[in-house]
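A.B. asks: Contents are compact mmCIF, C-alpha atoms and all ligand atoms; file name coords30.txt:
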# COMPACT_ATOMS: atom_id res chain seq x y z
CA MET A 2 71.15 72.16 86.28
CA THR A 3 68.72 71.63 83.44
CA TRP A 4 69.73 70.97 79.82
CA MET A 5 67.45 72.02 76.99
CA ILE A 6 67.64 69.80 73.91
CA THR A 7 66.34 71.42 70.73
CA GLY A 8 65.15 68.75 68.32
CA GLY A 9 64.95 66.34 71.27
CA ALA A 10 61.95 64.49 69.82
CA GLY A 11 63.88 63.55 66.67
CA TYR A 12 66.02 60.53 65.82
CA ILE A 13 69.34 61.72 67.31
CA GLY A 14 67.82 64.16 69.82
CA SER A 15 65.72 61.50 71.54
CA HIS A 16 68.82 59.34 72.04
CA VAL A 17 70.67 62.32 73.52
CA ALA A 18 67.69 63.03 75.80
CA ALA A 19 67.66 59.42 77.03
CA ALA A 20 71.43 59.42 77.64
CA LEU A 21 71.39 62.73 79.55
CA VAL A 22 68.49 61.53 81.72
CA ALA A 23 70.32 58.24 82.38
CA GLY A 24 73.38 60.33 83.34
CA GLY A 25 71.33 62.03 86.08
CA HIS A 26 70.65 65.33 84.27
CA ARG A 27 67.37 67.24 84.24
CA VAL A 28 66.19 67.70 80.64
CA VAL A 29 63.58 69.77 78.79
CA VAL A 30 62.96 69.29 75.06
CA LEU A 31 62.09 72.02 72.57
CA ASP A 32 60.77 70.60 69.29
CA ASP A 33 58.39 71.84 66.58
CA LEU A 34 57.43 68.20 65.82
CA SER A 35 57.99 68.76 62.08
CA THR A 36 59.81 65.43 62.02
CA GLY A 37 59.92 64.62 65.75
CA ASP A 38 57.47 62.54 67.74
CA PRO A 39 56.61 63.10 71.43
CA ALA A 40 56.40 59.30 71.88
CA ARG A 41 60.22 59.23 71.55
CA LEU A 42 60.78 61.27 74.74
CA PRO A 43 61.94 59.51 77.91
CA ALA A 44 59.27 59.33 80.63
CA GLY A 45 58.95 62.53 82.62
CA VAL A 46 60.82 64.80 80.18
CA PRO A 47 58.75 67.92 79.46
CA LEU A 48 58.18 68.95 75.84
CA VAL A 49 57.87 72.58 74.78
CA ARG A 50 56.36 72.52 71.31
CA GLY A 51 57.63 75.37 69.17
CA SER A 52 60.15 76.68 66.68
CA ILE A 53 63.77 77.65 67.34
CA LEU A 54 62.97 80.79 65.33
CA ASP A 55 60.40 81.89 67.92
CA ARG A 56 62.03 84.01 70.64
CA ALA A 57 58.94 83.98 72.87
CA VAL A 58 58.89 80.16 72.93
CA LEU A 59 62.63 80.01 73.57
CA ASP A 60 62.43 82.53 76.44
CA ARG A 61 59.56 80.65 78.02
CA ALA A 62 61.40 77.31 77.82
CA LEU A 63 64.73 78.70 79.08
CA ARG A 64 63.32 80.74 81.99
CA GLY A 65 60.52 78.34 82.92
CA HIS A 66 62.92 75.43 83.34
CA GLU A 67 65.99 77.31 84.67
CA VAL A 68 68.07 76.03 81.77
CA ARG A 69 71.86 76.36 82.16
CA GLY A 70 72.99 74.21 79.23
CA ILE A 71 71.70 73.72 75.67
CA VAL A 72 72.24 70.88 73.21
CA HIS A 73 71.16 72.37 69.87
CA ILE A 74 70.20 69.58 67.49
CA ALA A 75 67.10 70.99 65.73
CA ALA A 76 68.00 71.56 62.06
CA LYS A 77 67.27 70.63 58.48
CA LYS A 78 69.63 67.84 57.40
CA GLN A 79 69.11 66.75 53.80
CA VAL A 80 71.96 67.62 51.47
CA GLY A 81 69.94 67.48 48.21
CA GLU A 82 67.10 69.53 49.67
CA SER A 83 69.63 72.17 50.78
CA VAL A 84 70.84 72.54 47.18
CA ALA A 85 67.24 73.10 46.01
CA ARG A 86 66.25 75.38 48.92
CA PRO A 87 69.37 77.17 50.24
CA LEU A 88 67.49 80.19 51.59
CA TRP A 89 65.32 77.95 53.74
CA TYR A 90 68.38 76.01 55.01
CA TYR A 91 70.22 79.20 55.98
CA ARG A 92 67.10 80.47 57.74
CA GLU A 93 66.46 77.26 59.69
CA ASN A 94 70.07 76.28 60.41
CA VAL A 95 71.87 79.62 60.73
CA GLU A 96 69.14 82.11 61.69
CA GLY A 97 67.56 79.42 63.89
CA LEU A 98 70.88 78.85 65.67
CA ARG A 99 71.51 82.62 65.99
CA THR A 100 68.09 83.04 67.62
CA VAL A 101 68.77 80.21 70.08
CA LEU A 102 72.19 81.70 70.92
CA GLU A 103 70.72 85.17 71.49
CA ALA A 104 68.08 83.75 73.83
CA ALA A 105 70.75 81.62 75.54
CA VAL A 106 73.03 84.59 76.24
CA GLU A 107 70.16 86.66 77.64
CA ALA A 108 69.00 83.76 79.84
CA ARG A 109 72.59 83.27 81.15
CA VAL A 110 73.03 79.77 79.75
CA ARG A 111 76.57 78.59 80.65
CA SER A 112 77.23 75.76 78.16
CA PHE A 113 76.28 75.08 74.54
CA VAL A 114 76.68 71.87 72.51
CA PHE A 115 76.08 72.19 68.75
CA SER A 116 75.29 69.37 66.29
CA SER A 117 77.70 69.79 63.41
CA SER A 118 78.49 67.36 60.62
CA ALA A 119 81.27 65.73 58.64
CA ALA A 120 79.61 67.61 55.74
CA VAL A 121 81.79 70.60 56.76
CA TYR A 122 84.81 68.79 55.24
CA GLY A 123 83.34 68.33 51.75
CA MET A 124 85.63 66.02 49.72
CA PRO A 125 88.54 65.43 52.11
CA ASP A 126 91.61 64.01 50.38
CA VAL A 127 93.07 62.28 53.45
CA ASP A 128 93.00 58.81 54.96
CA LEU A 129 91.68 60.01 58.34
CA VAL A 130 89.92 63.35 58.68
CA THR A 131 91.18 65.34 61.68
CA GLU A 132 89.61 68.51 63.00
CA ARG A 133 92.50 70.39 61.34
CA THR A 134 91.66 69.01 57.88
CA PRO A 135 90.52 72.03 55.80
CA CYS A 136 86.75 72.61 55.76
CA GLU A 137 85.43 72.95 52.22
CA PRO A 138 81.71 72.13 52.36
CA MET A 139 80.14 71.00 49.08
CA SER A 140 76.51 71.86 49.83
CA PRO A 141 74.48 74.63 51.45
CA TYR A 142 73.76 72.10 54.22
CA GLY A 143 77.48 71.73 54.99
CA GLU A 144 77.93 75.51 54.73
CA THR A 145 75.22 76.13 57.33
CA LYS A 146 76.95 73.71 59.71
CA LEU A 147 80.35 75.38 59.24
CA ALA A 148 78.86 78.87 59.65
CA GLY A 149 77.06 77.51 62.73
CA GLU A 150 80.34 76.38 64.29
CA TRP A 151 81.81 79.89 63.78
CA LEU A 152 78.73 81.51 65.29
CA VAL A 153 78.76 79.18 68.32
CA ALA A 154 82.47 79.76 69.04
CA ALA A 155 82.23 83.54 68.57
CA ALA A 156 79.17 83.88 70.80
CA GLY A 157 80.67 81.57 73.42
CA ARG A 158 83.92 83.55 73.58
CA ALA A 159 82.16 86.92 73.65
CA HIS A 160 79.62 86.00 76.32
CA GLY A 161 81.46 83.56 78.61
CA MET A 162 79.64 80.40 77.50
CA SER A 163 81.58 77.14 77.07
CA THR A 164 80.94 75.49 73.68
CA ALA A 165 81.41 72.27 71.73
CA SER A 166 80.67 71.64 68.06
CA LEU A 167 80.36 67.91 67.43
CA ARG A 168 80.90 66.80 63.84
CA TYR A 169 78.80 63.66 63.33
CA PHE A 170 79.97 61.17 60.73
CA ASN A 171 77.43 58.58 59.43
CA VAL A 172 74.96 57.90 62.23
CA ALA A 173 72.97 54.63 62.25
CA GLY A 174 71.27 52.19 64.64
CA ALA A 175 68.84 52.61 67.52
CA ALA A 176 68.93 52.16 71.31
CA SER A 177 65.55 50.39 71.11
CA PRO A 178 63.22 49.56 68.18
CA GLY A 179 60.92 52.49 69.03
CA LEU A 180 63.81 54.94 68.63
CA GLY A 181 64.78 53.87 65.09
CA ASP A 182 65.44 56.43 62.35
CA PRO A 183 62.05 57.21 60.76
CA GLY A 184 63.69 58.88 57.72
CA VAL A 185 64.64 57.05 54.53
CA PHE A 186 67.49 59.38 53.53
CA ASN A 187 70.65 57.40 54.31
CA LEU A 188 72.24 54.16 53.15
CA VAL A 189 70.95 51.81 55.88
CA PRO A 190 67.23 52.74 55.73
CA MET A 191 67.39 53.13 51.93
CA VAL A 192 68.62 49.54 51.59
CA PHE A 193 65.96 48.31 54.08
CA ASP A 194 63.34 50.07 51.98
CA ARG A 195 64.49 48.41 48.73
CA LEU A 196 64.77 44.94 50.29
CA SER A 197 61.36 45.21 51.97
CA ARG A 198 59.81 45.96 48.57
CA GLY A 199 61.55 42.95 46.98
CA LEU A 200 63.93 45.20 45.02
CA PRO A 201 67.73 44.94 44.78
CA PRO A 202 69.68 47.45 46.90
CA LEU A 203 71.26 50.27 44.89
CA VAL A 204 75.00 50.93 45.00
CA PHE A 205 75.82 54.42 43.72
CA GLY A 206 79.02 53.72 41.80
CA ASP A 207 81.70 51.02 42.08
CA ASP A 208 84.50 52.81 40.24
CA TYR A 209 85.82 54.93 43.12
CA PRO A 210 89.52 54.75 44.05
CA THR A 211 88.78 52.54 47.09
CA PRO A 212 89.64 48.84 47.74
CA ASP A 213 86.31 47.49 46.37
CA GLY A 214 85.43 50.53 44.25
CA THR A 215 82.51 51.65 46.45
CA CYS A 216 82.48 54.67 48.78
CA VAL A 217 83.93 54.29 52.27
CA ARG A 218 82.29 55.93 55.31
CA ASP A 219 82.64 56.00 59.10
CA TYR A 220 79.44 54.63 60.66
CA VAL A 221 78.78 55.45 64.29
CA HIS A 222 76.01 54.03 66.47
CA VAL A 223 73.48 56.64 67.60
CA GLU A 224 73.92 55.44 71.21
CA ASP A 225 77.61 56.29 70.92
CA VAL A 226 76.70 59.68 69.46
CA ALA A 227 74.46 60.20 72.50
CA SER A 228 77.18 59.21 75.01
CA ALA A 229 79.56 61.68 73.33
CA HIS A 230 77.04 64.45 74.10
CA VAL A 231 76.91 63.40 77.76
CA ALA A 232 80.72 63.50 77.91
CA ALA A 233 80.75 66.94 76.21
CA ALA A 234 78.08 68.25 78.61
CA ARG A 235 80.15 67.15 81.59
CA ARG A 236 83.31 68.73 80.19
CA LEU A 237 81.62 72.06 79.37
CA THR A 238 80.13 72.24 82.86
CA GLU A 239 83.52 71.62 84.50
CA ASP A 240 85.52 73.90 82.19
CA GLY A 241 83.72 77.19 81.56
CA ASP A 242 86.41 78.32 79.07
CA ALA A 243 86.25 75.25 76.81
CA HIS A 244 85.59 75.79 73.08
CA LEU A 245 85.81 72.39 71.44
CA VAL A 246 85.38 71.19 67.86
CA LEU A 247 85.38 67.39 67.73
CA ASN A 248 84.70 64.58 65.27
CA ILE A 249 82.26 61.90 66.41
CA GLY A 250 83.40 58.88 64.44
CA SER A 251 84.84 55.43 65.02
CA GLY A 252 88.05 55.83 63.02
CA GLU A 253 87.10 52.76 60.94
CA GLY A 254 86.05 52.81 57.30
CA VAL A 255 83.33 50.53 55.92
CA SER A 256 82.52 50.41 52.20
CA VAL A 257 79.02 50.60 50.72
CA ALA A 258 79.44 47.07 49.34
CA GLU A 259 80.44 45.76 52.79
CA MET A 260 77.56 47.60 54.45
CA VAL A 261 75.02 46.29 51.93
CA GLY A 262 76.35 42.75 52.52
CA ILE A 263 75.89 43.10 56.29
CA ILE A 264 72.38 44.55 55.84
CA GLN A 265 71.40 41.63 53.60
CA GLU A 266 72.73 39.08 56.13
CA VAL A 267 71.08 40.73 59.13
CA SER A 268 67.71 41.18 57.40
CA GLY A 269 67.80 37.70 55.86
CA HIS A 270 67.28 39.18 52.36
CA THR A 271 70.33 37.51 50.85
CA GLY A 272 68.84 36.42 47.52
CA THR A 273 69.07 39.63 45.46
CA ALA A 274 72.42 40.92 44.17
CA PRO A 275 72.75 44.71 44.52
CA ASP A 276 72.31 46.86 41.41
CA VAL A 277 75.31 49.03 40.69
CA VAL A 278 74.05 52.32 39.25
CA ALA A 279 75.69 55.65 38.37
CA ARG A 280 77.61 57.65 40.97
CA ARG A 281 75.50 60.09 43.00
CA PRO A 282 76.83 63.58 42.26
CA GLY A 283 78.93 65.09 45.05
CA ASP A 284 79.75 61.85 46.91
CA PRO A 285 83.35 61.78 48.20
CA ALA A 286 85.17 58.44 47.80
CA ARG A 287 86.24 58.16 51.42
CA VAL A 288 85.27 60.02 54.61
CA VAL A 289 86.63 58.43 57.79
CA ALA A 290 87.18 60.28 61.05
CA SER A 291 90.25 60.46 63.16
CA ALA A 292 88.78 59.81 66.60
CA GLU A 293 91.97 60.84 68.38
CA SER A 294 90.88 64.32 69.52
CA ILE A 295 87.60 63.25 71.08
CA GLY A 296 89.43 60.40 72.82
CA LYS A 297 91.92 62.84 74.34
CA GLU A 298 89.46 65.63 75.15
CA LEU A 299 86.46 63.64 76.40
CA GLY A 300 87.80 60.13 76.98
CA TRP A 301 85.17 58.95 74.47
CA SER A 302 85.40 56.21 71.87
CA ALA A 303 82.78 54.31 69.88
CA ALA A 304 81.64 51.18 71.75
CA HIS A 305 79.28 49.61 69.18
CA GLY A 306 80.17 48.03 65.85
CA VAL A 307 78.51 48.11 62.46
CA ARG A 308 76.68 44.81 62.89
CA GLU A 309 75.02 46.11 66.10
CA MET A 310 74.00 49.26 64.25
CA VAL A 311 72.39 47.30 61.46
CA THR A 312 70.71 44.76 63.78
CA SER A 313 69.18 47.48 65.97
CA ALA A 314 68.18 49.59 62.95
CA TRP A 315 66.50 46.56 61.35
CA ALA A 316 64.45 45.89 64.53
CA GLY A 317 63.29 49.52 64.37
CA TRP A 318 62.44 49.27 60.67
CA GLN A 319 60.37 46.11 61.24
CA LEU A 320 58.46 47.78 64.07
CA ARG A 321 57.49 50.67 61.74
CA HIS A 322 56.82 48.40 58.73
CA PRO A 323 55.07 45.31 60.12
C1 LIG A 401 76.48 56.76 52.31
C2 LIG A 401 77.08 56.09 51.09
C3 LIG A 401 76.15 56.81 48.99
C4 LIG A 401 72.18 54.99 49.50
C5 LIG A 401 75.20 62.21 54.39
C6 LIG A 401 75.52 63.66 54.63
C7 LIG A 401 76.32 63.78 55.89
C8 LIG A 401 75.59 63.16 57.06
C9 LIG A 401 75.21 61.75 56.76
C10 LIG A 401 74.15 64.69 58.23
C11 LIG A 401 77.33 57.06 49.92
C12 LIG A 401 75.88 55.36 49.23
C13 LIG A 401 73.46 55.45 49.69
C14 LIG A 401 71.94 53.94 48.56
C15 LIG A 401 74.29 53.89 48.06
N1 LIG A 401 74.36 63.81 57.35
N2 LIG A 401 74.51 54.92 48.97
N3 LIG A 401 73.00 53.44 47.90
O1 LIG A 401 76.25 60.90 51.84
O2 LIG A 401 77.90 59.75 53.39
O3 LIG A 401 76.41 61.50 54.26
O4 LIG A 401 74.49 61.72 55.53
O5 LIG A 401 74.90 65.33 58.87
O6 LIG A 401 76.56 65.09 56.11
O7 LIG A 401 76.27 64.14 53.53
O8 LIG A 401 75.45 59.34 53.70
O9 LIG A 401 73.92 57.46 53.92
O10 LIG A 401 73.50 59.15 52.09
O11 LIG A 401 75.41 57.59 51.89
O12 LIG A 401 75.22 53.42 47.41
O13 LIG A 401 70.81 53.49 48.35
O14 LIG A 401 76.12 55.16 50.60
O15 LIG A 401 76.44 57.07 47.65
O16 LIG A 401 78.51 56.68 49.30
P1 LIG A 401 76.57 60.37 53.16
P2 LIG A 401 74.46 58.38 52.91
Show me this structure written as structure tokens.

C.D. replies:
Amino acid sequence: MTWMITGGAGYIGSHVAAALVAGGHRVVVLDDLSTGDPARLPAGVPLVRGSILDRAVLDRALRGHEVRGIVHIAAKKQVGESVARPLWYYRENVEGLRTVLEAAVEARVRSFVFSSSAAVYGMPDVDLVTERTPCEPMSPYGETKLAGEWLVAAAGRAHGMSTASLRYFNVAGAASPGLGDPGVFNLVPMVFDRLSRGLPPLVFGDDYPTPDGTCVRDYVHVEDVASAHVAAARRLTEDGDAHLVLNIGSGEGVSVAEMVGIIQEVSGHTGTAPDVVARRPGDPARVVASAESIGKELGWSAAHGVREMVTSAWAGWQLRHP
């Protein structure tokens, strides 16, 4: 059977494409190339260039490639931008998803994997976030991901399609330098950017109720994120009634101060002390996944550590900024 990956030319999507191909699956990628790059696709994987909001393009891709499973990754993903442009985020992330689901049901797609986010939890007040921790998103971005999960589960149950919503925690790293994250929106690339320009890294607040006062997150290697999708794809193919909602995290917390220290060591930019600046509005003190459910359901656990994430991400950064 063939899997269609929407957003498969992007940072996470191209890793998922590579992992599915390595797992012996046939893959077709649908991507509008707004942030994606065809050079990221594994050899031999066809690209259909177009928008998830375009039914004609979707129908052509699904029927032309006899698609039976979809991994829907294409989405807008910047929290601040979603606050400024909520209507656009709902259109791209919710209406876009609804359009893909409608096309999927009509084309008799059997399995659907949806990229969700830890942003659905908002400011969780627990040590480890389980899938039963209440969802209280703090941004339109997080809202679109939560609404997306509801839509996916409802459509799957109504139309006999197995589904999985995978809640990514903080994704970093690269499988190879050419697959590095081209965006400068998250901690790791933002620190690379500062260091490369000879500036001190910024730490957004050191007065949080955490051991060193800086925010704690659960960083997961993008290759592990990709292998979780392969495991989910296998499970959804075997169990046509499955409707899963799972965290993709390591279960280990790393503070911003610790992460900045590792980045400085790995990049060799150890001279400049980080600048502690004001808190960034809306940042929760601690967001760390419980990885128990995904371990039980898919037999998956994170295989790569934080140092590997930073080392591989740095190789990618250097390739793009010689
Ligand atoms: C991590 C920590 C910052 C830059 C967001 C989304 C989440 C998911 C991942 C998509 C925070 C601090 C950062 C810097 C810093 N995205 N920081 N200095 O906010 O945990 O999660 O991206 O699904 O949904 O909300 O990630 O990488 O932006 O920040 O101190 O220069 O690093 O304040 O505590 P975040 P992040």

A.B. asks: When you look at Gly214 in chain A with a cut-off of 10 Å (counting all atoms listed in the file), what residues show up, excluding the ones that are within fewer than 3 positions of it in the same chain? I need them as a PyMOL selection string.

C.D. replies: chain A and resi 206-211+217+256-258+286

A.B. asks: For range 36-52 of chain A, work out the shell of residues within 8 Å, counting all atoms listed in the file and skipping chain neighbours fewer than 3 positions away, then give it as a list of chain:residue names.

C.D. replies: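 Contacts, with the query itself left out: A:Gly8, A:Gly9, A:Ala10, A:Gly11, A:Tyr12, A:Ser15, A:Ala18, A:Ala19, A:Val22, A:Val28, A:Val29, A:Val30, A:Leu31, A:Asp32, A:Asp33, A:Asp55, A:Val58, A:Ala62, A:Gly179, A:Leu180.
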
A.B. asks: Given the choices A:Ala316, A:Gly81, A:Thr238, A:Val172, which gets closest to Arg281 in chain A if the distance is worked out from all atoms listed in the file?

C.D. replies: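 Nearest to Arg281 in chain A: A:Gly81.
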
A.B. asks: Enumerate as a VMD selection string the residues within 8 Å of ligand LIG 401 (chain A), counting all atoms listed in the file.

C.D. replies: chain A and resid 78 to 80 117 to 121 142 to 143 168 to 172 186 to 189 191 to 192 202 to 206 215 to 218 256 to 258 280 to 281 284 to 286 288

A.B. asks: By how many Å are CA of Thr100 in chain A and CA of Leu59 in chain A apart?

C.D. replies: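 Separating CA of Thr100 in chain A from CA of Leu59 in chain A is a distance of 8.6 Å.
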
A.B. asks: Which one of A:Ser35, A:Thr145, A:Thr273, A:Ser112 sits closest to Met5 in chain A if you count only C-alpha atoms?

C.D. replies: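 Of A:Ser35, A:Thr145, A:Thr273, A:Ser112, the one nearest Met5 in chain A, counting only C-alpha atoms, is A:Ser112.
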
A.B. asks: Quick one: of A:Asn94, A:Ser302, A:Ser294, A:Ser313, who's nearest to Phe115 in chain A, counting all atoms listed in the file?

C.D. replies: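 Selected residue with least distance to Phe115 in chain A: A:Asn94.
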
A.B. asks: Using only C-alpha atoms, find the one residue out of A:Val246, A:Met124, A:Leu98, A:Ala105 that sits nearest to Gly149 in chain A.

C.D. replies: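 Residue with the minimum atom-to-atom distance to Gly149 in chain A: A:Leu98.
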
A.B. asks: Please report the interatomic distance between CA of Leu167 in chain A and CA of Leu247 in chain A in Å with one decimal.

C.D. replies: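 It comes out at 5.1 Å.
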
A.B. asks: In Å to one decimal, how far is CA of Ala290 in chain A from CA of Thr131 in chain A?

C.D. replies: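 Interatomic distance here is 6.5 Å.
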
A.B. asks: Please provide the set of residues having any atom within 9 Å of Gly70 in chain A, restricted to only C-alpha atoms, with same-chain residues fewer than 2 positions apart removed, written as a tab-separated table (two decimals) with C-alpha atoms, in the frame of the given file.

C.D. replies:
chain	number	residue	atom	x	y	z
A	2	MET	CA	71.15	72.16	86.28
A	3	THR	CA	68.72	71.63	83.44
A	4	TRP	CA	69.73	70.97	79.82
A	5	MET	CA	67.45	72.02	76.99
A	6	ILE	CA	67.64	69.80	73.91
A	68	VAL	CA	68.07	76.03	81.77
A	72	VAL	CA	72.24	70.88	73.21
A	105	ALA	CA	70.75	81.62	75.54
A	110	VAL	CA	73.03	79.77	79.75
A	111	ARG	CA	76.57	78.59	80.65
A	112	SER	CA	77.23	75.76	78.16
A	113	PHE	CA	76.28	75.08	74.54
A	114	VAL	CA	76.68	71.87	72.51
A	234	ALA	CA	78.08	68.25	78.61
A	237	LEU	CA	81.62	72.06	79.37
A	238	THR	CA	80.13	72.24	82.86

A.B. asks: Would you mind telling me which residue in A:Ala243, A:Leu129, A:Leu200, A:Ala148 lies nearest to Gly161 in chain A when using all atoms listed in the file?

C.D. replies: A:Ala243

A.B. asks: Using all atoms listed in the file, collect all residues at a distance of at most 12 Å from (81.1, 48.7, 72.0) as written in the file, then present them as a ChimeraX atom specification.

C.D. replies: /A:221-225,228,251,301-310

A.B. asks: Just write the chosen residues, C-alpha atoms, as a PDB file, in the coordinates of the input.

C.D. replies:
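Contents of again37.pdb, freshly written:
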ATOM      1  CA  VAL A 221      78.780  55.450  64.290  1.00  0.00           C
ATOM      2  CA  HIS A 222      76.010  54.030  66.470  1.00  0.00           C
ATOM      3  CA  VAL A 223      73.480  56.640  67.600  1.00  0.00           C
ATOM      4  CA  GLU A 224      73.920  55.440  71.210  1.00  0.00           C
ATOM      5  CA  ASP A 225      77.610  56.290  70.920  1.00  0.00           C
ATOM      6  CA  SER A 228      77.180  59.210  75.010  1.00  0.00           C
ATOM      7  CA  SER A 251      84.840  55.430  65.020  1.00  0.00           C
ATOM      8  CA  TRP A 301      85.170  58.950  74.470  1.00  0.00           C
ATOM      9  CA  SER A 302      85.400  56.210  71.870  1.00  0.00           C
ATOM     10  CA  ALA A 303      82.780  54.310  69.880  1.00  0.00           C
ATOM     11  CA  ALA A 304      81.640  51.180  71.750  1.00  0.00           C
ATOM     12  CA  HIS A 305      79.280  49.610  69.180  1.00  0.00           C
ATOM     13  CA  GLY A 306      80.170  48.030  65.850  1.00  0.00           C
ATOM     14  CA  VAL A 307      78.510  48.110  62.460  1.00  0.00           C
ATOM     15  CA  ARG A 308      76.680  44.810  62.890  1.00  0.00           C
ATOM     16  CA  GLU A 309      75.020  46.110  66.100  1.00  0.00           C
ATOM     17  CA  MET A 310      74.000  49.260  64.250  1.00  0.00           C
TER      18      MET A 310
END

A.B. asks: Any idea what's packed within 12 Å of Leu88 in chain A, counting only C-alpha atoms, ignoring anything in its chain fewer than 3 positions away? Could you give it as a ChimeraX atom specification?

C.D. replies: /A:77,82-85,91-96,141-142,144-145

A.B. asks: Of the candidates A:Thr7, A:Gly24, A:Pro138, A:Tyr90, which one gets nearest to His73 in chain A if we count only C-alpha atoms?

C.D. replies: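 Comparing A:Thr7, A:Gly24, A:Pro138, A:Tyr90 against His73 in chain A, the winner is A:Thr7.
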
A.B. asks: So which residues touch Val153 in chain A within 8 Å, counting all atoms listed in the file, skipping near sequence neighbours fewer than 2 positions away, as a list in words?

C.D. replies: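 That gives Leu102, Phe113, Phe115, Gly149, Glu150, Trp151, Ala155, Ala156, Gly157, Thr164 and Ser166 of chain A.
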